[in-house]
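S.K.: Structure file upload17.cif (mmCIF, N, CA and C atoms) is given on the next line.
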data_upload
loop_
_atom_site.label_atom_id
_atom_site.label_comp_id
_atom_site.auth_asym_id
_atom_site.auth_seq_id
_atom_site.Cartn_x
_atom_site.Cartn_y
_atom_site.Cartn_z
N MET A 1 156.89 132.10 40.95
CA MET A 1 156.24 132.31 39.66
C MET A 1 156.87 131.42 38.58
N ASN A 2 158.19 131.26 38.64
CA ASN A 2 158.88 130.41 37.67
C ASN A 2 158.43 128.96 37.79
N GLN A 3 158.08 128.55 39.02
CA GLN A 3 157.61 127.19 39.23
C GLN A 3 156.30 126.95 38.46
N TRP A 4 155.38 127.93 38.50
CA TRP A 4 154.11 127.82 37.77
C TRP A 4 154.35 127.78 36.28
N LYS A 5 155.27 128.62 35.81
CA LYS A 5 155.58 128.63 34.37
C LYS A 5 156.17 127.30 33.94
N GLY A 6 157.03 126.75 34.78
CA GLY A 6 157.62 125.45 34.47
C GLY A 6 156.57 124.35 34.39
N LEU A 7 155.62 124.37 35.33
CA LEU A 7 154.53 123.39 35.31
C LEU A 7 153.65 123.59 34.08
N TRP A 8 153.37 124.87 33.77
CA TRP A 8 152.56 125.18 32.58
C TRP A 8 153.24 124.65 31.32
N ASP A 9 154.54 124.95 31.19
CA ASP A 9 155.28 124.51 30.01
C ASP A 9 155.29 122.98 29.89
N LYS A 10 155.44 122.31 31.02
CA LYS A 10 155.53 120.85 31.02
C LYS A 10 154.18 120.18 30.74
N TYR A 11 153.10 120.75 31.31
CA TYR A 11 151.79 120.10 31.23
C TYR A 11 150.76 120.89 30.43
N ARG A 12 151.21 121.84 29.63
CA ARG A 12 150.33 122.73 28.88
C ARG A 12 149.28 121.97 28.06
N GLU A 13 149.74 121.01 27.28
CA GLU A 13 148.83 120.28 26.41
C GLU A 13 147.76 119.54 27.21
N ILE A 14 148.16 118.89 28.28
CA ILE A 14 147.19 118.14 29.09
C ILE A 14 146.22 119.10 29.78
N ILE A 15 146.74 120.21 30.31
CA ILE A 15 145.87 121.19 30.97
C ILE A 15 144.84 121.72 29.99
N LEU A 16 145.30 122.11 28.80
CA LEU A 16 144.37 122.64 27.80
C LEU A 16 143.38 121.57 27.34
N TYR A 17 143.84 120.33 27.23
CA TYR A 17 142.93 119.26 26.82
C TYR A 17 141.84 119.06 27.88
N VAL A 18 142.23 119.13 29.15
CA VAL A 18 141.25 118.98 30.23
C VAL A 18 140.25 120.15 30.20
N VAL A 19 140.77 121.36 30.01
CA VAL A 19 139.89 122.54 29.95
C VAL A 19 138.93 122.42 28.77
N PHE A 20 139.46 122.17 27.58
CA PHE A 20 138.59 122.09 26.40
C PHE A 20 137.77 120.81 26.38
N GLY A 21 138.29 119.74 27.01
CA GLY A 21 137.48 118.53 27.17
C GLY A 21 136.29 118.80 28.07
N GLY A 22 136.53 119.58 29.12
CA GLY A 22 135.42 119.98 30.00
C GLY A 22 134.40 120.83 29.28
N LEU A 23 134.90 121.78 28.47
CA LEU A 23 133.99 122.62 27.68
C LEU A 23 133.23 121.79 26.66
N THR A 24 133.92 120.83 26.05
CA THR A 24 133.26 119.94 25.08
C THR A 24 132.18 119.13 25.79
N THR A 25 132.46 118.68 27.00
CA THR A 25 131.46 117.95 27.78
C THR A 25 130.25 118.83 28.06
N LEU A 26 130.50 120.10 28.41
CA LEU A 26 129.39 121.03 28.63
C LEU A 26 128.57 121.24 27.36
N VAL A 27 129.27 121.39 26.23
CA VAL A 27 128.58 121.55 24.95
C VAL A 27 127.75 120.30 24.66
N SER A 28 128.34 119.13 24.88
CA SER A 28 127.64 117.87 24.64
C SER A 28 126.43 117.74 25.55
N PHE A 29 126.64 118.00 26.84
CA PHE A 29 125.56 117.84 27.81
C PHE A 29 124.45 118.86 27.57
N PHE A 30 124.82 120.12 27.32
CA PHE A 30 123.82 121.16 27.09
C PHE A 30 123.02 120.89 25.81
N SER A 31 123.73 120.52 24.72
CA SER A 31 123.01 120.25 23.48
C SER A 31 122.12 119.02 23.64
N TYR A 32 122.61 118.01 24.35
CA TYR A 32 121.79 116.82 24.63
C TYR A 32 120.52 117.22 25.39
N TRP A 33 120.70 118.03 26.43
CA TRP A 33 119.55 118.48 27.22
C TRP A 33 118.56 119.24 26.35
N CYS A 34 119.06 120.12 25.48
CA CYS A 34 118.17 120.87 24.58
C CYS A 34 117.39 119.93 23.68
N PHE A 35 118.08 118.98 23.06
CA PHE A 35 117.41 118.06 22.14
C PHE A 35 116.37 117.21 22.87
N VAL A 36 116.71 116.71 24.07
CA VAL A 36 115.80 115.83 24.81
C VAL A 36 114.66 116.61 25.46
N ASP A 37 115.01 117.62 26.24
CA ASP A 37 114.00 118.29 27.07
C ASP A 37 113.27 119.44 26.37
N LEU A 38 113.93 120.14 25.47
CA LEU A 38 113.26 121.25 24.78
C LEU A 38 112.58 120.80 23.50
N PHE A 39 113.28 119.94 22.73
CA PHE A 39 112.73 119.52 21.44
C PHE A 39 112.08 118.14 21.49
N HIS A 40 112.18 117.46 22.64
CA HIS A 40 111.54 116.16 22.86
C HIS A 40 111.95 115.11 21.82
N ILE A 41 113.23 115.12 21.50
CA ILE A 41 113.80 114.13 20.58
C ILE A 41 114.22 112.93 21.43
N PRO A 42 113.96 111.70 21.01
CA PRO A 42 114.35 110.52 21.80
C PRO A 42 115.85 110.55 22.16
N TYR A 43 116.17 109.95 23.31
CA TYR A 43 117.52 110.09 23.86
C TYR A 43 118.63 109.56 22.94
N MET A 44 118.40 108.50 22.20
CA MET A 44 119.46 107.98 21.32
C MET A 44 119.71 108.95 20.15
N ALA A 45 118.66 109.49 19.56
CA ALA A 45 118.83 110.48 18.50
C ALA A 45 119.47 111.75 19.06
N SER A 46 119.07 112.13 20.26
CA SER A 46 119.66 113.31 20.91
C SER A 46 121.14 113.09 21.20
N THR A 47 121.51 111.88 21.56
CA THR A 47 122.92 111.55 21.78
C THR A 47 123.71 111.73 20.49
N ALA A 48 123.16 111.25 19.38
CA ALA A 48 123.84 111.39 18.08
C ALA A 48 123.95 112.87 17.68
N LEU A 49 122.90 113.62 17.86
CA LEU A 49 122.93 115.05 17.51
C LEU A 49 123.90 115.83 18.38
N SER A 50 123.90 115.53 19.68
CA SER A 50 124.84 116.23 20.56
C SER A 50 126.27 115.84 20.25
N TRP A 51 126.47 114.63 19.75
CA TRP A 51 127.79 114.19 19.32
C TRP A 51 128.28 115.07 18.17
N ILE A 52 127.45 115.30 17.19
CA ILE A 52 127.84 116.13 16.04
C ILE A 52 128.23 117.54 16.50
N VAL A 53 127.42 118.12 17.36
CA VAL A 53 127.69 119.47 17.86
C VAL A 53 129.01 119.50 18.64
N SER A 54 129.18 118.56 19.56
CA SER A 54 130.36 118.60 20.42
C SER A 54 131.64 118.22 19.68
N VAL A 55 131.57 117.31 18.72
CA VAL A 55 132.77 116.93 17.97
C VAL A 55 133.24 118.09 17.09
N THR A 56 132.32 118.81 16.52
CA THR A 56 132.69 119.99 15.72
C THR A 56 133.38 121.03 16.61
N PHE A 57 132.82 121.27 17.78
CA PHE A 57 133.45 122.18 18.75
C PHE A 57 134.84 121.66 19.15
N ALA A 58 134.93 120.37 19.44
CA ALA A 58 136.19 119.77 19.87
C ALA A 58 137.26 119.87 18.79
N TYR A 59 136.90 119.63 17.54
CA TYR A 59 137.89 119.71 16.47
C TYR A 59 138.48 121.12 16.39
N CYS A 60 137.62 122.10 16.40
CA CYS A 60 138.09 123.49 16.29
C CYS A 60 139.01 123.86 17.45
N THR A 61 138.64 123.51 18.67
CA THR A 61 139.45 123.90 19.83
C THR A 61 140.72 123.06 19.93
N ASN A 62 140.63 121.76 19.65
CA ASN A 62 141.81 120.90 19.71
C ASN A 62 142.82 121.27 18.64
N ARG A 63 142.34 121.56 17.47
CA ARG A 63 143.22 121.92 16.36
C ARG A 63 143.98 123.19 16.67
N ARG A 64 143.28 124.18 17.17
CA ARG A 64 143.87 125.50 17.37
C ARG A 64 144.69 125.61 18.65
N TRP A 65 144.09 125.23 19.79
CA TRP A 65 144.71 125.55 21.07
C TRP A 65 145.39 124.38 21.76
N VAL A 66 144.88 123.18 21.63
CA VAL A 66 145.45 122.06 22.38
C VAL A 66 146.67 121.48 21.67
N PHE A 67 146.49 121.03 20.45
CA PHE A 67 147.57 120.35 19.74
C PHE A 67 148.30 121.26 18.75
N GLU A 68 147.83 122.50 18.60
CA GLU A 68 148.46 123.50 17.73
C GLU A 68 148.83 122.90 16.37
N SER A 69 147.82 122.45 15.68
CA SER A 69 148.02 121.82 14.38
C SER A 69 148.75 122.74 13.42
N ARG A 70 149.65 122.15 12.66
CA ARG A 70 150.39 122.89 11.65
C ARG A 70 149.91 122.54 10.23
N ALA A 71 148.85 121.79 10.16
CA ALA A 71 148.29 121.43 8.86
C ALA A 71 147.66 122.67 8.22
N HIS A 72 148.03 122.92 6.97
CA HIS A 72 147.48 124.05 6.22
C HIS A 72 147.10 123.58 4.83
N GLY A 73 146.18 124.25 4.25
CA GLY A 73 145.71 123.89 2.93
C GLY A 73 144.53 122.94 3.02
N LEU A 74 143.73 122.97 2.00
CA LEU A 74 142.49 122.19 1.99
C LEU A 74 142.73 120.70 2.17
N ARG A 75 143.70 120.16 1.46
CA ARG A 75 143.95 118.72 1.53
C ARG A 75 144.42 118.30 2.91
N ALA A 76 145.41 118.99 3.46
CA ALA A 76 145.97 118.62 4.77
C ALA A 76 144.94 118.79 5.89
N VAL A 77 144.22 119.89 5.88
CA VAL A 77 143.20 120.12 6.91
C VAL A 77 142.05 119.12 6.74
N GLY A 78 141.69 118.85 5.49
CA GLY A 78 140.63 117.87 5.23
C GLY A 78 140.99 116.48 5.74
N LEU A 79 142.24 116.06 5.50
CA LEU A 79 142.68 114.75 6.00
C LEU A 79 142.72 114.73 7.53
N GLU A 80 143.19 115.80 8.11
CA GLU A 80 143.24 115.89 9.56
C GLU A 80 141.82 115.83 10.15
N ALA A 81 140.91 116.61 9.57
CA ALA A 81 139.52 116.61 10.04
C ALA A 81 138.89 115.23 9.86
N ALA A 82 139.18 114.57 8.75
CA ALA A 82 138.63 113.23 8.51
C ALA A 82 139.14 112.24 9.56
N ARG A 83 140.43 112.31 9.89
CA ARG A 83 140.98 111.44 10.94
C ARG A 83 140.31 111.75 12.29
N PHE A 84 140.16 113.04 12.57
CA PHE A 84 139.55 113.45 13.83
C PHE A 84 138.13 112.92 13.94
N PHE A 85 137.31 113.13 12.91
CA PHE A 85 135.92 112.68 12.96
C PHE A 85 135.82 111.16 12.96
N ALA A 86 136.75 110.47 12.28
CA ALA A 86 136.75 109.01 12.29
C ALA A 86 137.04 108.48 13.70
N CYS A 87 138.02 109.08 14.37
CA CYS A 87 138.32 108.68 15.75
C CYS A 87 137.14 108.99 16.66
N ARG A 88 136.54 110.14 16.45
CA ARG A 88 135.40 110.53 17.28
C ARG A 88 134.19 109.67 16.97
N LEU A 89 134.10 109.16 15.75
CA LEU A 89 133.01 108.25 15.42
C LEU A 89 133.12 106.98 16.27
N PHE A 90 134.35 106.50 16.42
CA PHE A 90 134.59 105.35 17.29
C PHE A 90 134.12 105.64 18.71
N SER A 91 134.55 106.78 19.25
CA SER A 91 134.15 107.12 20.62
C SER A 91 132.66 107.47 20.69
N GLY A 92 132.09 107.93 19.58
CA GLY A 92 130.65 108.18 19.53
C GLY A 92 129.86 106.89 19.67
N PHE A 93 130.32 105.84 18.98
CA PHE A 93 129.68 104.53 19.13
C PHE A 93 129.88 103.98 20.54
N LEU A 94 131.05 104.25 21.10
CA LEU A 94 131.30 103.86 22.49
C LEU A 94 130.29 104.54 23.41
N GLU A 95 130.09 105.84 23.21
CA GLU A 95 129.12 106.58 24.03
C GLU A 95 127.70 106.05 23.82
N MET A 96 127.34 105.78 22.58
CA MET A 96 126.00 105.26 22.31
C MET A 96 125.80 103.91 23.02
N GLY A 97 126.82 103.06 22.98
CA GLY A 97 126.74 101.78 23.67
C GLY A 97 126.60 101.94 25.17
N LEU A 98 127.38 102.87 25.72
CA LEU A 98 127.28 103.14 27.16
C LEU A 98 125.90 103.69 27.53
N MET A 99 125.38 104.57 26.68
CA MET A 99 124.03 105.12 26.93
C MET A 99 122.99 104.00 26.89
N PHE A 100 123.07 103.14 25.89
CA PHE A 100 122.11 102.04 25.78
C PHE A 100 122.21 101.11 26.99
N ALA A 101 123.43 100.74 27.35
CA ALA A 101 123.62 99.83 28.49
C ALA A 101 123.13 100.47 29.78
N GLY A 102 123.49 101.73 29.98
CA GLY A 102 123.12 102.40 31.23
C GLY A 102 121.64 102.69 31.34
N VAL A 103 121.04 103.19 30.27
CA VAL A 103 119.63 103.62 30.32
C VAL A 103 118.68 102.44 30.11
N ASP A 104 118.86 101.70 29.03
CA ASP A 104 117.91 100.63 28.69
C ASP A 104 118.12 99.35 29.50
N LEU A 105 119.38 98.99 29.73
CA LEU A 105 119.64 97.72 30.41
C LEU A 105 119.70 97.87 31.93
N LEU A 106 120.36 98.94 32.40
CA LEU A 106 120.54 99.12 33.84
C LEU A 106 119.54 100.09 34.47
N HIS A 107 118.77 100.78 33.62
CA HIS A 107 117.72 101.71 34.08
C HIS A 107 118.26 102.83 34.97
N ILE A 108 119.41 103.37 34.58
CA ILE A 108 120.01 104.50 35.28
C ILE A 108 119.54 105.77 34.58
N ASN A 109 119.41 106.86 35.33
CA ASN A 109 119.00 108.15 34.77
C ASN A 109 119.89 108.50 33.57
N ASP A 110 119.27 108.92 32.47
CA ASP A 110 120.01 109.18 31.24
C ASP A 110 121.06 110.28 31.40
N LYS A 111 120.80 111.26 32.22
CA LYS A 111 121.77 112.36 32.39
C LYS A 111 122.98 111.91 33.20
N VAL A 112 122.78 111.03 34.14
CA VAL A 112 123.89 110.47 34.92
C VAL A 112 124.77 109.61 34.02
N VAL A 113 124.14 108.78 33.20
CA VAL A 113 124.89 107.93 32.27
C VAL A 113 125.64 108.80 31.27
N LYS A 114 124.99 109.85 30.77
CA LYS A 114 125.61 110.76 29.81
C LYS A 114 126.88 111.36 30.40
N LEU A 115 126.84 111.80 31.62
CA LEU A 115 128.00 112.41 32.27
C LEU A 115 129.12 111.39 32.46
N ALA A 116 128.80 110.21 32.95
CA ALA A 116 129.80 109.16 33.16
C ALA A 116 130.41 108.71 31.83
N ALA A 117 129.57 108.58 30.81
CA ALA A 117 130.06 108.17 29.49
C ALA A 117 131.03 109.20 28.93
N ASN A 118 130.76 110.48 29.20
CA ASN A 118 131.64 111.53 28.69
C ASN A 118 133.03 111.48 29.31
N VAL A 119 133.15 111.07 30.55
CA VAL A 119 134.47 110.94 31.17
C VAL A 119 135.28 109.87 30.42
N ILE A 120 134.67 108.74 30.15
CA ILE A 120 135.34 107.66 29.42
C ILE A 120 135.68 108.11 28.01
N VAL A 121 134.77 108.82 27.37
CA VAL A 121 134.98 109.30 26.01
C VAL A 121 136.12 110.32 25.94
N ILE A 122 136.21 111.21 26.92
CA ILE A 122 137.28 112.21 26.93
C ILE A 122 138.65 111.53 26.99
N LEU A 123 138.79 110.53 27.85
CA LEU A 123 140.07 109.82 27.95
C LEU A 123 140.40 109.10 26.64
N THR A 124 139.42 108.44 26.07
CA THR A 124 139.62 107.74 24.79
C THR A 124 140.00 108.73 23.70
N ASN A 125 139.32 109.86 23.65
CA ASN A 125 139.58 110.85 22.61
C ASN A 125 140.97 111.47 22.73
N TYR A 126 141.45 111.69 23.95
CA TYR A 126 142.79 112.25 24.11
C TYR A 126 143.83 111.30 23.51
N ILE A 127 143.72 110.05 23.83
CA ILE A 127 144.67 109.06 23.32
C ILE A 127 144.61 109.00 21.80
N LEU A 128 143.42 108.93 21.25
CA LEU A 128 143.28 108.87 19.79
C LEU A 128 143.78 110.15 19.12
N SER A 129 143.46 111.30 19.69
CA SER A 129 143.91 112.58 19.10
C SER A 129 145.42 112.72 19.15
N LYS A 130 145.98 112.38 20.29
CA LYS A 130 147.43 112.54 20.49
C LYS A 130 148.22 111.64 19.54
N TRP A 131 147.78 110.41 19.37
CA TRP A 131 148.58 109.44 18.62
C TRP A 131 148.14 109.23 17.18
N LEU A 132 146.91 109.59 16.82
CA LEU A 132 146.46 109.34 15.45
C LEU A 132 146.14 110.60 14.65
N VAL A 133 145.60 111.61 15.29
CA VAL A 133 145.12 112.77 14.53
C VAL A 133 146.15 113.88 14.46
N PHE A 134 146.60 114.37 15.61
CA PHE A 134 147.48 115.53 15.66
C PHE A 134 148.92 115.14 15.97
N ARG A 135 149.32 113.95 15.55
CA ARG A 135 150.69 113.52 15.83
C ARG A 135 151.67 114.41 15.08
N LYS A 136 152.77 114.66 15.73
CA LYS A 136 153.82 115.49 15.13
C LYS A 136 154.63 114.63 14.18
N LYS A 137 154.78 115.10 12.96
CA LYS A 137 155.55 114.38 11.94
C LYS A 137 156.85 115.13 11.72
N ARG A 138 157.93 114.43 11.85
CA ARG A 138 159.24 115.06 11.67
C ARG A 138 159.56 115.18 10.19
N GLY A 139 159.95 116.39 9.82
CA GLY A 139 160.40 116.63 8.45
C GLY A 139 159.33 116.54 7.39
N VAL A 140 158.08 116.62 7.78
CA VAL A 140 156.99 116.52 6.80
C VAL A 140 156.32 117.88 6.69
N ASP A 141 156.22 118.38 5.47
CA ASP A 141 155.55 119.65 5.22
C ASP A 141 154.07 119.37 5.08
N GLU A 142 153.26 119.93 5.98
CA GLU A 142 151.83 119.70 5.95
C GLU A 142 151.07 120.85 5.30
N SER A 143 151.76 121.63 4.51
CA SER A 143 151.10 122.80 3.90
C SER A 143 150.49 122.49 2.56
N ALA A 144 150.69 121.29 2.06
CA ALA A 144 150.16 120.94 0.74
C ALA A 144 148.68 120.69 0.78
#
For this file, write the structure as structure tokens.
M.R.:
Amino acid sequence: MNQWKGLWDKYREIILYVVFGGLTTLVSFFSYWCFVDLFHIPYMASTALSWIVSVTFAYCTNRRWVFESRAHGLRAVGLEAARFFACRLFSGFLEMGLMFAGVDLLHINDKVVKLAANVIVILTNYILSKWLVFRKKRGVDESA
């Protein structure tokens, strides 16, 4: 049992990121499916809408459970959220480019491309979140 606890302690952040990244992918894929198949919104617009839904979900879960943000107060949380959404905007454009290349240029099924693009986006987002958004600052009070 101590071995499992040791592994959990060592890899907790990565495990939680994979779990919540998977959930974010499900939110993204499900919302995309709803926009495309239920509401008949074109796939590029549906990709953008599903991005908004999934990034909002990702910010809430990453802030609370994955990176355990210590930012408090309107200004600190606002700056953190702005950094998060800016990084996700980058990966959102990456996803849009992958969707365009896969669907329009390579004529691959949009749902297959969506799933593959999300794997690349999850890896990109972890790196950006870890090093730019939720980085630990030594000796800095983030409660202002």
S.K.: One number please: atom C of Arg135 (chain A) to atom C of Arg75 (chain A), in Å, one decimal.
M.R.: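 Atom-to-atom, atom C of Arg135 (chain A) to atom C of Arg75 (chain A), that is 14.7 Å.
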S.K.: Each residue of region 81-141 of chain A with at least one atom at most 12 Å from region 53-68 of chain A should appear once, together with its nearest atom pair and the corresponding distance in Å (one decimal); atoms considered: only C-alpha atoms; ordering: chain, then increasing residue number; output as JSON lines.
M.R.:
{"residue": "A:Ala81", "atom": "CA", "partner": "A:Tyr59", "partner_atom": "CA", "distance": 7.3}
{"residue": "A:Ala82", "atom": "CA", "partner": "A:Tyr59", "partner_atom": "CA", "distance": 10.3}
{"residue": "A:Arg83", "atom": "CA", "partner": "A:Tyr59", "partner_atom": "CA", "distance": 10.4}
{"residue": "A:Phe84", "atom": "CA", "partner": "A:Tyr59", "partner_atom": "CA", "distance": 7.0}
{"residue": "A:Phe85", "atom": "CA", "partner": "A:Val55", "partner_atom": "CA", "distance": 7.3}
{"residue": "A:Ala86", "atom": "CA", "partner": "A:Val55", "partner_atom": "CA", "distance": 10.5}
{"residue": "A:Cys87", "atom": "CA", "partner": "A:Val55", "partner_atom": "CA", "distance": 10.2}
{"residue": "A:Arg88", "atom": "CA", "partner": "A:Val55", "partner_atom": "CA", "distance": 7.0}
{"residue": "A:Leu89", "atom": "CA", "partner": "A:Val55", "partner_atom": "CA", "distance": 9.1}
{"residue": "A:Phe90", "atom": "CA", "partner": "A:Val55", "partner_atom": "CA", "distance": 11.7}
{"residue": "A:Ser91", "atom": "CA", "partner": "A:Val55", "partner_atom": "CA", "distance": 10.3}
{"residue": "A:Gly92", "atom": "CA", "partner": "A:Val55", "partner_atom": "CA", "distance": 9.1}
{"residue": "A:Asn118", "atom": "CA", "partner": "A:Ser54", "partner_atom": "CA", "distance": 11.0}
{"residue": "A:Val121", "atom": "CA", "partner": "A:Val55", "partner_atom": "CA", "distance": 11.3}
{"residue": "A:Ile122", "atom": "CA", "partner": "A:Ala58", "partner_atom": "CA", "distance": 10.4}
{"residue": "A:Asn125", "atom": "CA", "partner": "A:Ala58", "partner_atom": "CA", "distance": 9.9}
{"residue": "A:Tyr126", "atom": "CA", "partner": "A:Asn62", "partner_atom": "CA", "distance": 9.8}
{"residue": "A:Ser129", "atom": "CA", "partner": "A:Asn62", "partner_atom": "CA", "distance": 8.6}
{"residue": "A:Lys130", "atom": "CA", "partner": "A:Phe67", "partner_atom": "CA", "distance": 7.8}
{"residue": "A:Trp131", "atom": "CA", "partner": "A:Phe67", "partner_atom": "CA", "distance": 11.0}
{"residue": "A:Leu132", "atom": "CA", "partner": "A:Phe67", "partner_atom": "CA", "distance": 11.9}
{"residue": "A:Val133", "atom": "CA", "partner": "A:Phe67", "partner_atom": "CA", "distance": 9.5}
{"residue": "A:Phe134", "atom": "CA", "partner": "A:Phe67", "partner_atom": "CA", "distance": 6.3}
{"residue": "A:Arg135", "atom": "CA", "partner": "A:Phe67", "partner_atom": "CA", "distance": 8.5}
{"residue": "A:Lys136", "atom": "CA", "partner": "A:Phe67", "partner_atom": "CA", "distance": 9.2}
S.K.: Please report the interatomic distance between CA of Ala116 (chain A) and CA of Glu95 (chain A) in Å with one decimal.
M.R.: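 That distance, rounded to one decimal, is 9.5 Å.
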S.K.: For CA of Tyr32 (chain A) and CA of Ser46 (chain A), determine how far apart the two atoms are, in Å to one decimal place.
M.R.: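 Here the two named atoms are 5.5 Å from each other.
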S.K.: Do you know which residues are at most 9 Å from Met96 (chain A) counting only C-alpha atoms, after dropping those on the same chain fewer than 2 positions away, and could you put them as a compact mmCIF listing (two decimals) with N, CA and C atoms, keeping the file's coordinate frame?
M.R.:
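Produced file around-v3.txt, reproduced below:
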# COMPACT_ATOMS: atom_id res chain seq x y z
N MET A 44 118.40 108.50 22.20
CA MET A 44 119.46 107.98 21.32
C MET A 44 119.71 108.95 20.15
N THR A 47 121.51 111.88 21.56
CA THR A 47 122.92 111.55 21.78
C THR A 47 123.71 111.73 20.49
N ALA A 48 123.16 111.25 19.38
CA ALA A 48 123.84 111.39 18.08
C ALA A 48 123.95 112.87 17.68
N SER A 91 134.55 106.78 19.25
CA SER A 91 134.15 107.12 20.62
C SER A 91 132.66 107.47 20.69
N GLY A 92 132.09 107.93 19.58
CA GLY A 92 130.65 108.18 19.53
C GLY A 92 129.86 106.89 19.67
N PHE A 93 130.32 105.84 18.98
CA PHE A 93 129.68 104.53 19.13
C PHE A 93 129.88 103.98 20.54
N LEU A 94 131.05 104.25 21.10
CA LEU A 94 131.30 103.86 22.49
C LEU A 94 130.29 104.54 23.41
N LEU A 98 127.38 102.87 25.72
CA LEU A 98 127.28 103.14 27.16
C LEU A 98 125.90 103.69 27.53
N MET A 99 125.38 104.57 26.68
CA MET A 99 124.03 105.12 26.93
C MET A 99 122.99 104.00 26.89
N PHE A 100 123.07 103.14 25.89
CA PHE A 100 122.11 102.04 25.78
C PHE A 100 122.21 101.11 26.99
N ALA A 101 123.43 100.74 27.35
CA ALA A 101 123.62 99.83 28.49
C ALA A 101 123.13 100.47 29.78
N ALA A 117 129.57 108.58 30.81
CA ALA A 117 130.06 108.17 29.49
C ALA A 117 131.03 109.20 28.93
S.K.: What parts of region 13-103 of chain A does DSSP call alpha helix (DSSP H)? I'd like the answer as an NGL selection string.
M.R.: :A and (13-33 or 43-61 or 74-99)
S.K.: Which of these residues is nearest to Gly97 (chain A), using only C-alpha atoms: A:Thr25, A:Lys114, A:Ile14, A:Asp37?
M.R.: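 Going through A:Thr25, A:Lys114, A:Ile14, A:Asp37 one by one, the smallest distance to Gly97 (chain A) is for A:Lys114.
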S.K.: Please return the centre and edge lengths, in Å to one decimal, of a box with edges along x, y and z that contains all listed atoms of region 102-120 of chain A, widened by 3 Å on every side, as AutoDock Vina command-line options.
M.R.:
--center_x 126.7 --center_y 105.1 --center_z 31.7 --size_x 24.0 --size_y 20.7 --size_z 13.3
